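**Student:** Below you will find the structure I want to go over with you.
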Amino acid sequence: MGKTGVLLATITTTALLSGCHAFEAACPAIAQASGVAVTVAAGYAPEVKTLRLKACQDGKCKEDTLQLVAGSVPVDLGCADDSRPDAVCSATSRPDGTQRGMLNLDTLGESPIDVTASGRYANGKPLPVRTLSFAPRASYPFGEQCGRFVSASVVLDAAGLRQDR
């Protein structure tokens with residue numbers, strides 16, 4: 001085999017081997033908070049004064065009174081120059097009438113979880129006790145190479161508890 005043949009074989013081998021290399025993708029350096037997120041729906045939030053949540057999974061339970069904070073939604077304020085892909089863009093948030101809270105757990109798995117909500121109305125009367133059993137959701141928001149995130153979130157309204165989308 002001449003010099004041309006050796007050069008051609010080297011180039012072909014290099015191209016084939018580099019095409020098989022699995023390049024690593026960078027994963028964000030963030031940790032997942034284990035817990036149950038709750039949203040009190042906008043139409044029900046003014047009526048709720050306090051909210052207590054209990055979550056049980058795999059024989060372990062945790063219960064606490066939640067600190068509720070005003071919920072919000074993002075508002076796109078646009079970009080300085082829409083024709084440029086690197087243009088400066090901005091956003092803000094506006095209240096949406098909901099109240100949100102979180103019951104922190106030591107761990108959260110994919111097995112079914114039982115969540116019970118109780119508390120008090122603004123007039124001091126007890127809220128009806130509501131219970132929901134559901135499976136937390138697993139997703140790969142940064143790709144499978146970055147690991148699985150498990151989340152559990154519920155919405156409370158006058159009709160009861162339901163799993164959030």
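Identifiers in the structure tokens: chain A, B, ... in order shown; residue index from 1 per chain; ligand index from 1 in order shown.
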Just the residues within 12 Å of Gly35 of chain A, please, counting only C-alpha atoms, with nothing from its chain fewer than 3 positions along; format it as a PyMOL selection string.
**Tutor:** chain A and resi 32+38+53-57+61-64+66+101-109+113+115+136+149-154
**Student:** To test your reading of the structure, identify every residue in segment 2-131 of chain A that backbone DSSP assigns to alpha helix (DSSP H), and report it as a ChimeraX atom specification.
**Tutor:** /A:3-20
**Student:** Mind pulling up the distance from atom CA of Thr92 of chain A to atom CA of Thr50 of chain A?
**Tutor:**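 Straight-line distance from atom CA of Thr50 of chain A to atom CA of Thr92 of chain A works out to 28.1 Å.
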**Student:** Would you pick out the contacts of Gln99 of chain A at 7 Å or less, using only C-alpha atoms, so that residues sharing its chain but fewer than 5 positions from it are not included, and give the list as a PyMOL selection string?
**Tutor:** chain A and resi 39-40+45+68-71
**Student:** I need the residues from that last selection saved to file as an mmCIF file, in the first residue's frame (with N, CA, C and O atoms), if you can.
**Tutor:**
data_model
loop_
_atom_site.group_PDB
_atom_site.id
_atom_site.type_symbol
_atom_site.label_atom_id
_atom_site.label_comp_id
_atom_site.auth_asym_id
_atom_site.auth_seq_id
_atom_site.Cartn_x
_atom_site.Cartn_y
_atom_site.Cartn_z
ATOM 1 N N THR A 39 -50.518 24.424 45.240
ATOM 2 C CA THR A 39 -51.045 25.696 44.763
ATOM 3 C C THR A 39 -52.493 25.782 45.193
ATOM 4 O O THR A 39 -53.287 24.883 44.901
ATOM 5 N N VAL A 40 -52.831 26.848 45.905
ATOM 6 C CA VAL A 40 -54.233 27.109 46.241
ATOM 7 C C VAL A 40 -54.769 27.957 45.089
ATOM 8 O O VAL A 40 -54.247 29.043 44.810
ATOM 9 N N ALA A 45 -58.101 30.891 47.008
ATOM 10 C CA ALA A 45 -57.031 31.434 47.856
ATOM 11 C C ALA A 45 -57.506 32.490 48.856
ATOM 12 O O ALA A 45 -57.072 32.462 50.015
ATOM 13 N N LEU A 68 -47.655 30.043 53.127
ATOM 14 C CA LEU A 68 -48.182 30.332 51.798
ATOM 15 C C LEU A 68 -47.685 31.688 51.320
ATOM 16 O O LEU A 68 -47.651 32.654 52.085
ATOM 17 N N VAL A 69 -47.291 31.735 50.056
ATOM 18 C CA VAL A 69 -46.832 32.985 49.450
ATOM 19 C C VAL A 69 -47.657 33.230 48.185
ATOM 20 O O VAL A 69 -48.203 32.297 47.588
ATOM 21 N N ALA A 70 -47.720 34.489 47.783
ATOM 22 C CA ALA A 70 -48.473 34.845 46.578
ATOM 23 C C ALA A 70 -47.842 34.204 45.350
ATOM 24 O O ALA A 70 -46.628 34.265 45.156
ATOM 25 N N GLY A 71 -48.671 33.587 44.527
ATOM 26 C CA GLY A 71 -48.199 32.998 43.280
ATOM 27 C C GLY A 71 -48.092 34.054 42.188
ATOM 28 O O GLY A 71 -48.682 35.139 42.298
#
**Student:** Applying 10 Å and only C-alpha atoms, which residues near Asp96 of chain A remain after dropping the ones on its own chain fewer than 5 positions away? List them as a PyMOL selection string.
**Tutor:** chain A and resi 41-42+70-74
**Student:** Fewer than 3 positions away in the same chain doesn't count, so skip those; otherwise give me all residues within 9 Å of Ala91 of chain A, counting only C-alpha atoms, as a list in words.
**Tutor:**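 Selected residues are Pro74, Val75, Asp76, Leu77 and Gly78 of chain A.
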**Student:** Counting only C-alpha atoms, which residue out of A:Gly97, A:Glu110, A:Thr65, A:Leu51 sits closest to Ser34 of chain A?
**Tutor:**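 Closest candidate: A:Glu110.
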**Student:** Given only C-alpha atoms as the basis, pick out the residue of A:Ala80, A:Val48, A:Val88, A:Leu161 nearest to Phe134 of chain A.
**Tutor:** A:Leu161
**Student:** Using the chain letters and numbers from this document, which residues of segment 24-147 of chain A does DSSP assign to strand (DSSP E), as a PyMOL selection string?
**Tutor:** chain A and resi 35-40+48-57+60-65+69-79+89-104+113-121+130-134+137-139
**Student:** What separation in Å, quoted to one decimal, exists between atom CA of Arg100 of chain A and atom CA of Gly147 of chain A?
**Tutor:**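 Computing the Euclidean distance for atom CA of Arg100 of chain A and atom CA of Gly147 of chain A yields 26.5 Å.
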